[in-house]
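**Student:** File final14.cif follows (mmCIF, C-alpha atoms and all ligand atoms):
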data_query
#
loop_
_atom_site.group_PDB
_atom_site.id
_atom_site.type_symbol
_atom_site.label_atom_id
_atom_site.label_comp_id
_atom_site.auth_asym_id
_atom_site.auth_seq_id
_atom_site.Cartn_x
_atom_site.Cartn_y
_atom_site.Cartn_z
ATOM 1 C CA MET M 1 -25.386 10.500 -2.239
ATOM 2 C CA PRO M 2 -23.259 13.054 -4.191
ATOM 3 C CA GLN M 3 -19.584 12.098 -4.309
ATOM 4 C CA SER M 4 -17.144 14.705 -3.036
ATOM 5 C CA GLU M 5 -14.130 15.702 -5.112
ATOM 6 C CA THR M 6 -11.703 15.430 -2.218
ATOM 7 C CA THR M 7 -11.445 12.923 0.611
ATOM 8 C CA GLN M 8 -10.733 13.753 4.256
ATOM 9 C CA PRO M 9 -9.957 10.972 6.697
ATOM 10 C CA GLN M 10 -11.800 10.723 10.010
ATOM 11 C CA SER M 11 -10.381 7.301 10.788
ATOM 12 C CA ILE M 12 -7.268 5.902 9.115
ATOM 13 C CA LEU M 13 -6.030 2.314 9.020
ATOM 14 C CA LEU M 14 -2.403 1.808 8.006
ATOM 15 C CA ALA M 15 -0.652 -1.567 7.665
ATOM 16 C CA GLY M 16 3.113 -2.022 7.497
ATOM 17 C CA ALA M 17 3.537 0.771 10.020
ATOM 18 C CA SER M 18 7.112 -0.112 11.007
ATOM 19 C CA GLY M 19 8.492 0.248 7.464
ATOM 20 C CA GLY M 20 10.321 3.238 6.019
ATOM 21 C CA VAL M 21 7.391 4.660 4.053
ATOM 22 C CA GLY M 22 4.772 3.288 6.481
ATOM 23 C CA GLY M 23 6.404 4.949 9.504
ATOM 24 C CA ALA M 24 6.745 8.289 7.704
ATOM 25 C CA LEU M 25 3.120 8.051 6.550
ATOM 26 C CA CYS M 26 1.967 7.548 10.147
ATOM 27 C CA ARG M 27 3.784 10.710 11.254
ATOM 28 C CA GLU M 28 2.524 12.700 8.251
ATOM 29 C CA LEU M 29 -1.074 11.551 8.747
ATOM 30 C CA ALA M 30 -0.993 12.364 12.471
ATOM 31 C CA ALA M 31 0.392 15.849 11.721
ATOM 32 C CA ARG M 32 -1.950 16.603 8.828
ATOM 33 C CA PHE M 33 -5.139 15.170 10.327
ATOM 34 C CA PRO M 34 -4.748 15.603 14.106
ATOM 35 C CA GLU M 35 -8.474 14.989 14.660
ATOM 36 C CA ALA M 36 -8.461 11.662 12.830
ATOM 37 C CA ILE M 37 -8.204 8.335 14.622
ATOM 38 C CA LEU M 38 -5.076 6.441 13.578
ATOM 39 C CA LEU M 39 -5.168 2.635 13.584
ATOM 40 C CA THR M 40 -2.005 0.767 12.672
ATOM 41 C CA ILE M 41 -1.031 -2.851 12.053
ATOM 42 C CA SER M 42 2.479 -4.219 12.099
ATOM 43 C CA ARG M 43 4.300 -7.462 12.863
ATOM 44 C CA GLY M 44 5.869 -5.791 15.895
ATOM 45 C CA ASP M 45 5.078 -3.077 18.389
ATOM 46 C CA ILE M 46 5.544 0.586 17.517
ATOM 47 C CA ALA M 47 5.693 3.702 19.687
ATOM 48 C CA PRO M 48 2.412 5.647 20.029
ATOM 49 C CA ILE M 49 2.166 8.406 17.417
ATOM 50 C CA SER M 50 -0.791 10.419 18.702
ATOM 51 C CA ALA M 51 -3.341 10.356 21.531
ATOM 52 C CA SER M 52 -5.893 8.579 19.320
ATOM 53 C CA HIS M 53 -3.415 6.025 17.970
ATOM 54 C CA GLN M 54 -4.320 2.321 18.412
ATOM 55 C CA HIS M 55 -1.927 -0.419 17.317
ATOM 56 C CA LEU M 56 -2.466 -4.106 16.563
ATOM 57 C CA ILE M 57 0.392 -6.594 16.311
ATOM 58 C CA SER M 58 -0.490 -8.939 13.458
ATOM 59 C CA THR M 59 1.276 -10.741 10.615
ATOM 60 C CA LEU M 60 -0.761 -9.942 7.527
ATOM 61 C CA SER M 61 0.898 -12.621 5.413
ATOM 62 C CA ASP M 62 -0.796 -15.204 7.691
ATOM 63 C CA PRO M 63 -4.463 -15.966 6.783
ATOM 64 C CA GLU M 64 -5.213 -16.332 10.506
ATOM 65 C CA SER M 65 -4.690 -12.587 10.812
ATOM 66 C CA VAL M 66 -7.959 -11.977 8.899
ATOM 67 C CA PRO M 67 -10.606 -12.816 11.572
ATOM 68 C CA ALA M 68 -8.493 -11.259 14.343
ATOM 69 C CA ILE M 69 -8.193 -7.967 12.429
ATOM 70 C CA THR M 70 -11.934 -7.951 11.636
ATOM 71 C CA GLU M 71 -12.736 -8.385 15.346
ATOM 72 C CA TRP M 72 -10.283 -5.636 16.338
ATOM 73 C CA LEU M 73 -11.793 -3.268 13.759
ATOM 74 C CA ARG M 74 -15.334 -3.978 14.999
ATOM 75 C CA GLY M 75 -14.409 -2.097 18.186
ATOM 76 C CA GLN M 76 -13.140 0.957 16.248
ATOM 77 C CA PRO M 77 -14.763 3.627 14.068
ATOM 78 C CA LEU M 78 -14.900 2.286 10.505
ATOM 79 C CA PRO M 79 -11.778 3.599 8.708
ATOM 80 C CA ASN M 80 -12.498 5.761 5.665
ATOM 81 C CA TRP M 81 -8.834 5.762 4.575
ATOM 82 C CA ILE M 82 -6.928 2.474 4.419
ATOM 83 C CA ILE M 83 -3.291 2.342 3.326
ATOM 84 C CA ASP M 84 -1.379 -0.927 3.011
ATOM 85 C CA CYS M 85 2.392 -0.364 2.887
ATOM 86 C CA CYS M 86 3.490 -4.017 3.108
ATOM 87 C CA GLY M 87 5.986 -5.262 0.573
ATOM 88 C CA SER M 88 9.386 -6.842 0.173
ATOM 89 C CA LEU M 89 12.064 -6.823 -2.530
ATOM 90 C CA HIS M 90 14.965 -8.661 -0.887
ATOM 91 C CA TRP M 91 15.643 -10.688 2.232
ATOM 92 C CA ALA M 92 18.403 -12.919 3.662
ATOM 93 C CA GLY M 93 19.482 -15.197 0.825
ATOM 94 C CA HIS M 94 17.469 -13.409 -1.864
ATOM 95 C CA SER M 95 18.356 -10.502 -4.151
ATOM 96 C CA PRO M 96 16.204 -9.427 -7.106
ATOM 97 C CA GLU M 97 16.901 -11.669 -10.128
ATOM 98 C CA LYS M 98 18.986 -10.433 -13.046
ATOM 99 C CA ASN M 99 17.853 -13.257 -15.334
ATOM 100 C CA LEU M 100 15.302 -16.041 -15.691
ATOM 101 C CA LEU M 101 17.425 -18.837 -14.247
ATOM 102 C CA GLN M 102 17.929 -16.953 -10.981
ATOM 103 C CA CYS M 103 14.174 -16.968 -10.293
ATOM 104 C CA THR M 104 13.436 -19.752 -7.815
ATOM 105 C CA ASP M 105 10.034 -21.102 -6.801
ATOM 106 C CA GLU M 106 10.813 -20.128 -3.204
ATOM 107 C CA ALA M 107 11.592 -16.499 -4.101
ATOM 108 C CA LEU M 108 8.426 -16.164 -6.171
ATOM 109 C CA GLN M 109 6.297 -17.730 -3.431
ATOM 110 C CA GLN M 110 7.838 -15.480 -0.782
ATOM 111 C CA SER M 111 7.369 -12.407 -3.017
ATOM 112 C CA LEU M 112 3.702 -13.256 -3.471
ATOM 113 C CA THR M 113 3.370 -13.751 0.288
ATOM 114 C CA CYS M 114 4.911 -10.349 1.120
ATOM 115 C CA ASN M 115 3.542 -8.290 -1.752
ATOM 116 C CA VAL M 116 0.110 -9.796 -2.449
ATOM 117 C CA LEU M 117 -1.191 -11.810 0.522
ATOM 118 C CA THR M 118 -0.493 -8.933 2.918
ATOM 119 C CA HIS M 119 -2.921 -6.809 0.861
ATOM 120 C CA LEU M 120 -5.425 -9.593 0.101
ATOM 121 C CA HIS M 121 -5.746 -10.462 3.791
ATOM 122 C CA LEU M 122 -6.207 -6.841 4.878
ATOM 123 C CA ALA M 123 -8.954 -6.412 2.274
ATOM 124 C CA GLN M 124 -10.603 -9.638 3.458
ATOM 125 C CA ALA M 125 -10.483 -8.406 7.057
ATOM 126 C CA VAL M 126 -12.149 -5.109 6.125
ATOM 127 C CA ALA M 127 -14.709 -6.525 3.651
ATOM 128 C CA PRO M 128 -17.347 -7.685 6.209
ATOM 129 C CA LEU M 129 -17.387 -4.204 7.762
ATOM 130 C CA LEU M 130 -17.939 -2.104 4.624
ATOM 131 C CA GLN M 131 -21.070 0.022 4.568
ATOM 132 C CA ARG M 132 -22.753 1.261 1.418
ATOM 133 C CA ARG M 133 -22.991 4.869 2.628
ATOM 134 C CA SER M 134 -19.555 5.130 4.296
ATOM 135 C CA PRO M 135 -17.031 6.572 1.823
ATOM 136 C CA LEU M 136 -13.822 4.578 1.450
ATOM 137 C CA THR M 137 -10.382 5.350 0.064
ATOM 138 C CA TRP M 138 -8.047 2.350 -0.210
ATOM 139 C CA ALA M 139 -4.395 2.635 -1.306
ATOM 140 C CA SER M 140 -2.026 -0.273 -1.796
ATOM 141 C CA LEU M 141 1.598 0.748 -2.065
ATOM 142 C CA SER M 142 2.719 -1.020 -5.220
ATOM 143 C CA ALA M 143 5.568 -0.271 -7.641
ATOM 144 C CA LYS M 144 6.040 1.057 -11.166
ATOM 145 C CA VAL M 145 8.104 -2.060 -11.909
ATOM 146 C CA GLY M 146 4.853 -4.036 -11.532
ATOM 147 C CA SER M 147 3.494 -2.312 -14.651
ATOM 148 C CA ILE M 148 3.646 -4.714 -17.591
ATOM 149 C CA GLU M 149 3.408 -1.934 -20.172
ATOM 150 C CA ASP M 150 6.125 0.143 -18.502
ATOM 151 C CA ASN M 151 8.599 -2.751 -18.332
ATOM 152 C CA GLN M 152 11.440 -2.030 -20.788
ATOM 153 C CA LEU M 153 14.335 -3.326 -18.668
ATOM 154 C CA GLY M 154 13.382 -6.861 -17.583
ATOM 155 C CA GLY M 155 14.906 -8.558 -14.529
ATOM 156 C CA TRP M 156 13.559 -8.541 -10.944
ATOM 157 C CA TYR M 157 11.253 -11.417 -11.928
ATOM 158 C CA SER M 158 9.653 -12.297 -8.603
ATOM 159 C CA TYR M 159 9.154 -8.691 -7.423
ATOM 160 C CA ARG M 160 7.746 -7.590 -10.789
ATOM 161 C CA MET M 161 5.428 -10.608 -11.011
ATOM 162 C CA SER M 162 4.149 -10.147 -7.462
ATOM 163 C CA LYS M 163 3.535 -6.401 -7.898
ATOM 164 C CA ALA M 164 1.724 -7.118 -11.196
ATOM 165 C CA ALA M 165 -0.457 -9.571 -9.240
ATOM 166 C CA LEU M 166 -1.035 -6.928 -6.557
ATOM 167 C CA ASN M 167 -2.049 -4.475 -9.277
ATOM 168 C CA MET M 168 -4.679 -6.950 -10.495
ATOM 169 C CA LEU M 169 -5.926 -7.393 -6.918
ATOM 170 C CA VAL M 170 -6.345 -3.616 -6.649
ATOM 171 C CA ARG M 171 -8.171 -3.431 -9.961
ATOM 172 C CA ASN M 172 -10.543 -6.253 -8.946
ATOM 173 C CA LEU M 173 -11.131 -4.665 -5.542
ATOM 174 C CA SER M 174 -12.006 -1.336 -7.169
ATOM 175 C CA ILE M 175 -14.687 -3.110 -9.211
ATOM 176 C CA GLU M 176 -16.154 -5.239 -6.386
ATOM 177 C CA TRP M 177 -16.114 -2.504 -3.751
ATOM 178 C CA GLY M 178 -17.189 0.122 -6.299
ATOM 179 C CA ARG M 179 -20.454 -1.832 -6.565
ATOM 180 C CA LYS M 180 -20.856 -2.134 -2.786
ATOM 181 C CA VAL M 181 -19.834 1.315 -1.551
ATOM 182 C CA GLU M 182 -21.360 4.468 -3.010
ATOM 183 C CA ASP M 183 -18.239 6.624 -2.735
ATOM 184 C CA CYS M 184 -15.305 4.263 -3.175
ATOM 185 C CA ARG M 185 -11.766 4.950 -4.399
ATOM 186 C CA VAL M 186 -9.337 2.031 -4.645
ATOM 187 C CA VAL M 187 -5.874 2.671 -6.075
ATOM 188 C CA ALA M 188 -2.343 1.324 -6.230
ATOM 189 C CA VAL M 189 0.335 3.958 -5.607
ATOM 190 C CA HIS M 190 3.999 3.965 -6.625
ATOM 191 C CA PRO M 191 5.845 5.958 -3.957
ATOM 192 C CA GLY M 192 8.938 6.673 -6.089
ATOM 193 C CA THR M 193 12.367 5.412 -5.109
ATOM 194 C CA THR M 194 12.530 6.154 -1.415
ATOM 195 C CA ASP M 195 15.458 5.837 0.972
ATOM 196 C CA THR M 196 14.293 2.856 3.063
ATOM 197 C CA PRO M 197 15.660 -0.616 3.891
ATOM 198 C CA LEU M 198 13.815 -1.931 0.802
ATOM 199 C CA SER M 199 15.725 0.232 -1.694
ATOM 200 C CA GLN M 200 18.964 0.557 0.291
ATOM 201 C CA PRO M 201 21.054 -2.057 -1.653
ATOM 202 C CA PHE M 202 20.015 -0.549 -5.029
ATOM 203 C CA GLN M 203 20.608 3.147 -4.477
ATOM 204 C CA ASP M 204 24.078 3.443 -6.052
ATOM 205 C CA ASN M 205 22.884 4.228 -9.588
ATOM 206 C CA ILE M 206 20.048 6.493 -8.549
ATOM 207 C CA PRO M 207 20.670 10.240 -9.000
ATOM 208 C CA THR M 208 20.356 11.955 -5.612
ATOM 209 C CA ASP M 209 17.467 14.096 -6.850
ATOM 210 C CA LYS M 210 15.552 10.904 -7.759
ATOM 211 C CA LEU M 211 16.008 9.265 -4.355
ATOM 212 C CA TYR M 212 13.358 10.641 -2.036
ATOM 213 C CA THR M 213 13.253 10.748 1.745
ATOM 214 C CA PRO M 214 10.448 8.773 3.425
ATOM 215 C CA GLU M 215 9.021 12.118 4.598
ATOM 216 C CA GLN M 216 8.880 13.465 1.009
ATOM 217 C CA SER M 217 7.185 10.307 -0.246
ATOM 218 C CA ALA M 218 4.722 10.297 2.652
ATOM 219 C CA ARG M 219 3.735 13.932 1.982
ATOM 220 C CA ARG M 220 3.191 13.174 -1.694
ATOM 221 C CA ILE M 221 1.130 10.026 -1.081
ATOM 222 C CA VAL M 222 -1.149 11.807 1.401
ATOM 223 C CA SER M 223 -1.606 14.687 -1.082
ATOM 224 C CA VAL M 224 -2.514 12.228 -3.849
ATOM 225 C CA LEU M 225 -5.115 10.535 -1.633
ATOM 226 C CA GLU M 226 -6.558 13.833 -0.440
ATOM 227 C CA ALA M 227 -7.144 15.043 -3.994
ATOM 228 C CA LEU M 228 -8.045 11.632 -5.433
ATOM 229 C CA PRO M 229 -10.883 11.982 -7.943
ATOM 230 C CA GLN M 230 -13.438 9.187 -8.029
ATOM 231 C CA SER M 231 -12.564 8.688 -11.706
ATOM 232 C CA ASP M 232 -9.058 7.533 -10.678
ATOM 233 C CA SER M 233 -10.411 4.519 -8.766
ATOM 234 C CA GLY M 234 -8.977 1.316 -10.210
ATOM 235 C CA LYS M 235 -5.716 2.925 -11.370
ATOM 236 C CA LEU M 236 -2.004 2.654 -10.627
ATOM 237 C CA LEU M 237 -0.816 6.139 -9.714
ATOM 238 C CA PHE M 238 2.585 7.755 -9.627
ATOM 239 C CA TRP M 239 3.514 9.796 -6.525
ATOM 240 C CA ASP M 240 2.358 12.980 -8.240
ATOM 241 C CA GLY M 241 -1.072 11.520 -8.988
ATOM 242 C CA THR M 242 -0.461 10.853 -12.698
ATOM 243 C CA THR M 243 -1.479 7.471 -14.090
ATOM 244 C CA ILE M 244 1.006 4.675 -14.767
ATOM 245 C CA PRO M 245 -0.290 2.190 -17.370
ATOM 246 C CA TRP M 246 -1.025 -1.236 -15.893
HETATM 247 N N1 LIG M 301 11.314 2.210 -1.040
HETATM 248 C C1 LIG M 301 11.138 2.258 -2.353
HETATM 249 O O1 LIG M 301 11.983 2.771 -3.092
HETATM 250 C C2 LIG M 301 9.887 1.698 -2.980
HETATM 251 C C3 LIG M 301 9.717 1.839 -4.353
HETATM 252 C C4 LIG M 301 8.574 1.336 -4.950
HETATM 253 C C5 LIG M 301 7.623 0.718 -4.182
HETATM 254 N N2 LIG M 301 7.812 0.578 -2.836
HETATM 255 C C6 LIG M 301 6.776 -0.112 -2.062
HETATM 256 O O2 LIG M 301 6.397 0.689 -0.961
HETATM 257 C C7 LIG M 301 6.025 -0.148 0.137
HETATM 258 C C8 LIG M 301 6.778 0.272 1.399
HETATM 259 O O3 LIG M 301 8.143 0.015 1.175
HETATM 260 P P1 LIG M 301 9.308 0.545 2.131
HETATM 261 O O4 LIG M 301 10.318 1.119 1.237
HETATM 262 O O5 LIG M 301 8.749 1.344 3.231
HETATM 263 O O6 LIG M 301 9.875 -0.847 2.658
HETATM 264 P P2 LIG M 301 10.288 -1.345 4.118
HETATM 265 O O7 LIG M 301 10.881 -0.228 4.889
HETATM 266 O O8 LIG M 301 11.085 -2.576 3.913
HETATM 267 O O9 LIG M 301 8.861 -1.722 4.762
HETATM 268 C C9 LIG M 301 8.072 -2.733 4.216
HETATM 269 C C10 LIG M 301 7.056 -3.220 5.228
HETATM 270 O O10 LIG M 301 6.364 -4.343 4.671
HETATM 271 C C11 LIG M 301 5.962 -5.201 5.697
HETATM 272 N N3 LIG M 301 6.305 -6.585 5.362
HETATM 273 C C12 LIG M 301 7.366 -7.028 4.668
HETATM 274 N N4 LIG M 301 7.316 -8.361 4.585
HETATM 275 C C13 LIG M 301 6.198 -8.758 5.236
HETATM 276 C C14 LIG M 301 5.613 -10.035 5.517
HETATM 277 N N5 LIG M 301 6.148 -11.170 5.079
HETATM 278 N N6 LIG M 301 4.488 -10.052 6.231
HETATM 279 C C15 LIG M 301 3.920 -8.927 6.673
HETATM 280 N N7 LIG M 301 4.435 -7.696 6.434
HETATM 281 C C16 LIG M 301 5.560 -7.632 5.738
HETATM 282 C C17 LIG M 301 6.686 -4.787 6.962
HETATM 283 O O11 LIG M 301 5.708 -4.232 7.799
HETATM 284 P P3 LIG M 301 5.652 -4.488 9.385
HETATM 285 O O12 LIG M 301 6.986 -5.003 9.828
HETATM 286 O O13 LIG M 301 5.328 -3.129 9.882
HETATM 287 O O14 LIG M 301 4.560 -5.478 9.591
HETATM 288 C C18 LIG M 301 7.660 -3.724 6.528
HETATM 289 O O15 LIG M 301 7.764 -2.733 7.469
HETATM 290 C C19 LIG M 301 6.299 -1.602 -0.297
HETATM 291 O O16 LIG M 301 5.089 -2.171 -0.757
HETATM 292 C C20 LIG M 301 7.262 -1.417 -1.458
HETATM 293 O O17 LIG M 301 7.198 -2.490 -2.378
HETATM 294 C C21 LIG M 301 8.914 1.061 -2.213
#
Please re-express this file's structure in structure tokens.
Ligand SMILES: NC(=O)c1ccc[n+]([C@@H]2O[C@H](COP(=O)([O-])OP(=O)(O)OC[C@H]3O[C@@H](n4cnc5c(N)ncnc54)[C@H](OP(=O)(O)O)[C@@H]3O)[C@@H](O)[C@H]2O)c1

**Tutor:**
Amino acid sequence: MPQSETTQPQSILLAGASGGVGGALCRELAARFPEAILLTISRGDIAPISASHQHLISTLSDPESVPAITEWLRGQPLPNWIIDCCGSLHWAGHSPEKNLLQCTDEALQQSLTCNVLTHLHLAQAVAPLLQRRSPLTWASLSAKVGSIEDNQLGGWYSYRMSKAALNMLVRNLSIEWGRKVEDCRVVAVHPGTTDTPLSQPFQDNIPTDKLYTPEQSARRIVSVLEALPQSDSGKLLFWDGTTIPW
């Protein structure tokens, strides 16, 4: 089957729908693709976004979410766009580390849980449903600070390590699913520093023109996915679609 240069979603699955970027993405997707079915997953309930919107309450960090999500998806049209927005940088009792000795086992384990398992489990839930001839675009929201080559500043040990692990998951997924699905695009996307609860404590030193609204970031991410060339599968992309080295 010839692969198209652009991708248009008929059915969209978005996880982490209650977050800053996730919520804005839901609104942007519903506005831009009013005909598409919107399926969302979140740890809590969210208000309906469109007539076709279906929501599942599920905790993706829990492996028990996997079979329940697969069963839920069996009753829905197979999504051809999947966006996982889950991630965490800080929580009660944890701020990103400034040096090695601040990195605790607990913080690293929790970072891996929030930033990697939430993507691994969603992929595992979708995997049994994939069809060779159904095109698929998968995007994991990752972070530039997870790039090993780009790291010139150090610090933020557990977040950086977990996003680097997520980046490897995405790369592996692009290879495995690229063999299974004829038209498959799997990428990690850095949204840019966006004004959400995740970045809120670290916004002081960010120039105002480098701190984006969730709506701006959502528009950019959707545009990147819409124009995503097949040759970009397996890459970490900046919000303008340019490549960030792994
Ligand atoms: N904001 C930025 O400046 C920035 C920069 C670079 C990268 N990113 C990345 O972009 C993504 C979205 O970030 P955001 O700024 O929108 O953050 P946010 O507002 O804090 O939302 C993050 C979402 O992640 C989900 N999540 C967090 N911990 C989880 C856990 N243990 N189990 C399951 N789900 C969990 C939650 O989804 P539910 O509650 O809906 O389940 C939450 O809504 C993240 O992956 C983040 O690392 C953000």

**Student:** Expand the PyMOL selection byres (((chain M and resi 37-40) around 12) and not hetatm) into the explicit residue set it covers here, and present it as a PyMOL selection string.

**Tutor:** chain M and resi 8-19+22-23+25-36+41-58+60+69+72-73+75-85+122

**Student:** Can you spit out the residues from that selection as a PDB file, keeping the file's coordinate frame, using C-alpha atoms?

**Tutor:**
ATOM      1  CA  GLN M   8     -10.733  13.753   4.256  1.00  0.00           C
ATOM      2  CA  PRO M   9      -9.957  10.972   6.697  1.00  0.00           C
ATOM      3  CA  GLN M  10     -11.800  10.723  10.010  1.00  0.00           C
ATOM      4  CA  SER M  11     -10.381   7.301  10.788  1.00  0.00           C
ATOM      5  CA  ILE M  12      -7.268   5.902   9.115  1.00  0.00           C
ATOM      6  CA  LEU M  13      -6.030   2.314   9.020  1.00  0.00           C
ATOM      7  CA  LEU M  14      -2.403   1.808   8.006  1.00  0.00           C
ATOM      8  CA  ALA M  15      -0.652  -1.567   7.665  1.00  0.00           C
ATOM      9  CA  GLY M  16       3.113  -2.022   7.497  1.00  0.00           C
ATOM     10  CA  ALA M  17       3.537   0.771  10.020  1.00  0.00           C
ATOM     11  CA  SER M  18       7.112  -0.112  11.007  1.00  0.00           C
ATOM     12  CA  GLY M  19       8.492   0.248   7.464  1.00  0.00           C
ATOM     13  CA  GLY M  22       4.772   3.288   6.481  1.00  0.00           C
ATOM     14  CA  GLY M  23       6.404   4.949   9.504  1.00  0.00           C
ATOM     15  CA  LEU M  25       3.120   8.051   6.550  1.00  0.00           C
ATOM     16  CA  CYS M  26       1.967   7.548  10.147  1.00  0.00           C
ATOM     17  CA  ARG M  27       3.784  10.710  11.254  1.00  0.00           C
ATOM     18  CA  GLU M  28       2.524  12.700   8.251  1.00  0.00           C
ATOM     19  CA  LEU M  29      -1.074  11.551   8.747  1.00  0.00           C
ATOM     20  CA  ALA M  30      -0.993  12.364  12.471  1.00  0.00           C
ATOM     21  CA  ALA M  31       0.392  15.849  11.721  1.00  0.00           C
ATOM     22  CA  ARG M  32      -1.950  16.603   8.828  1.00  0.00           C
ATOM     23  CA  PHE M  33      -5.139  15.170  10.327  1.00  0.00           C
ATOM     24  CA  PRO M  34      -4.748  15.603  14.106  1.00  0.00           C
ATOM     25  CA  GLU M  35      -8.474  14.989  14.660  1.00  0.00           C
ATOM     26  CA  ALA M  36      -8.461  11.662  12.830  1.00  0.00           C
ATOM     27  CA  ILE M  41      -1.031  -2.851  12.053  1.00  0.00           C
ATOM     28  CA  SER M  42       2.479  -4.219  12.099  1.00  0.00           C
ATOM     29  CA  ARG M  43       4.300  -7.462  12.863  1.00  0.00           C
ATOM     30  CA  GLY M  44       5.869  -5.791  15.895  1.00  0.00           C
ATOM     31  CA  ASP M  45       5.078  -3.077  18.389  1.00  0.00           C
ATOM     32  CA  ILE M  46       5.544   0.586  17.517  1.00  0.00           C
ATOM     33  CA  ALA M  47       5.693   3.702  19.687  1.00  0.00           C
ATOM     34  CA  PRO M  48       2.412   5.647  20.029  1.00  0.00           C
ATOM     35  CA  ILE M  49       2.166   8.406  17.417  1.00  0.00           C
ATOM     36  CA  SER M  50      -0.791  10.419  18.702  1.00  0.00           C
ATOM     37  CA  ALA M  51      -3.341  10.356  21.531  1.00  0.00           C
ATOM     38  CA  SER M  52      -5.893   8.579  19.320  1.00  0.00           C
ATOM     39  CA  HIS M  53      -3.415   6.025  17.970  1.00  0.00           C
ATOM     40  CA  GLN M  54      -4.320   2.321  18.412  1.00  0.00           C
ATOM     41  CA  HIS M  55      -1.927  -0.419  17.317  1.00  0.00           C
ATOM     42  CA  LEU M  56      -2.466  -4.106  16.563  1.00  0.00           C
ATOM     43  CA  ILE M  57       0.392  -6.594  16.311  1.00  0.00           C
ATOM     44  CA  SER M  58      -0.490  -8.939  13.458  1.00  0.00           C
ATOM     45  CA  LEU M  60      -0.761  -9.942   7.527  1.00  0.00           C
ATOM     46  CA  ILE M  69      -8.193  -7.967  12.429  1.00  0.00           C
ATOM     47  CA  TRP M  72     -10.283  -5.636  16.338  1.00  0.00           C
ATOM     48  CA  LEU M  73     -11.793  -3.268  13.759  1.00  0.00           C
ATOM     49  CA  GLY M  75     -14.409  -2.097  18.186  1.00  0.00           C
ATOM     50  CA  GLN M  76     -13.140   0.957  16.248  1.00  0.00           C
ATOM     51  CA  PRO M  77     -14.763   3.627  14.068  1.00  0.00           C
ATOM     52  CA  LEU M  78     -14.900   2.286  10.505  1.00  0.00           C
ATOM     53  CA  PRO M  79     -11.778   3.599   8.708  1.00  0.00           C
ATOM     54  CA  ASN M  80     -12.498   5.761   5.665  1.00  0.00           C
ATOM     55  CA  TRP M  81      -8.834   5.762   4.575  1.00  0.00           C
ATOM     56  CA  ILE M  82      -6.928   2.474   4.419  1.00  0.00           C
ATOM     57  CA  ILE M  83      -3.291   2.342   3.326  1.00  0.00           C
ATOM     58  CA  ASP M  84      -1.379  -0.927   3.011  1.00  0.00           C
ATOM     59  CA  CYS M  85       2.392  -0.364   2.887  1.00  0.00           C
ATOM     60  CA  LEU M 122      -6.207  -6.841   4.878  1.00  0.00           C
TER      61      LEU M 122
END

**Student:** Quick check, in Å to one decimal: how far apart do CA of Ala123 in chain M and CA of Met168 in chain M lie?

**Tutor:**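 According to the coordinates, CA of Ala123 in chain M and CA of Met168 in chain M are separated by 13.5 Å.
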
**Student:** Under the rule that all atoms listed in the file are counted, which of M:Asp183, M:Glu215, M:Asp209, M:Asp195 is the nearest residue to ligand LIG 301 (chain M)?

**Tutor:**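 That would be M:Asp195, the residue with the smallest distance to ligand LIG 301 (chain M).
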
**Student:** Between M:Ala143, M:Leu100, M:Val170, M:Met161, which one has atoms that come closest to ligand LIG 301 (chain M), using only C-alpha atoms and all ligand atoms?

**Tutor:**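 Of M:Ala143, M:Leu100, M:Val170, M:Met161, the one nearest ligand LIG 301 (chain M), counting only C-alpha atoms and all ligand atoms, is M:Ala143.
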
**Student:** With 4 Å on each side, where is the centre of the axis-aligned box around all listed atoms of ligand LIG 301 (chain M), and how long are its edges in Å to one decimal, as lines of an AutoDock Vina configuration file?

**Tutor:**
center_x = 8.0
center_y = -4.2
center_z = 2.5
size_x = 16.1
size_y = 21.9
size_z = 22.8

**Student:** Selecting C-alpha atoms, how would range 119-140 of chain M from this structure be written as a compact mmCIF listing (two decimals), in the first residue's frame?

**Tutor:**
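result.txt, freshly written:
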# COMPACT_ATOMS: atom_id res chain seq x y z
CA HIS M 119 3.82 4.85 27.85
CA LEU M 120 4.92 1.19 27.97
CA HIS M 121 1.53 0.10 29.31
CA LEU M 122 -0.44 2.10 26.73
CA ALA M 123 1.64 0.54 23.95
CA GLN M 124 1.08 -2.92 25.43
CA ALA M 125 -2.67 -2.27 25.57
CA VAL M 126 -2.76 -1.24 21.90
CA ALA M 127 -0.34 -3.90 20.57
CA PRO M 128 -2.84 -6.81 20.30
CA LEU M 129 -5.18 -4.63 18.22
CA LEU M 130 -2.72 -3.41 15.57
CA GLN M 131 -3.55 -4.30 11.99
CA ARG M 132 -1.01 -4.49 9.19
CA ARG M 133 -3.06 -2.35 6.80
CA SER M 134 -4.32 0.25 9.32
CA PRO M 135 -1.98 3.27 9.34
CA LEU M 136 -0.76 4.34 12.77
CA THR M 137 0.80 7.50 14.14
CA TRP M 138 2.06 7.25 17.73
CA ALA M 139 3.48 10.23 19.66
CA SER M 140 4.93 10.07 23.16
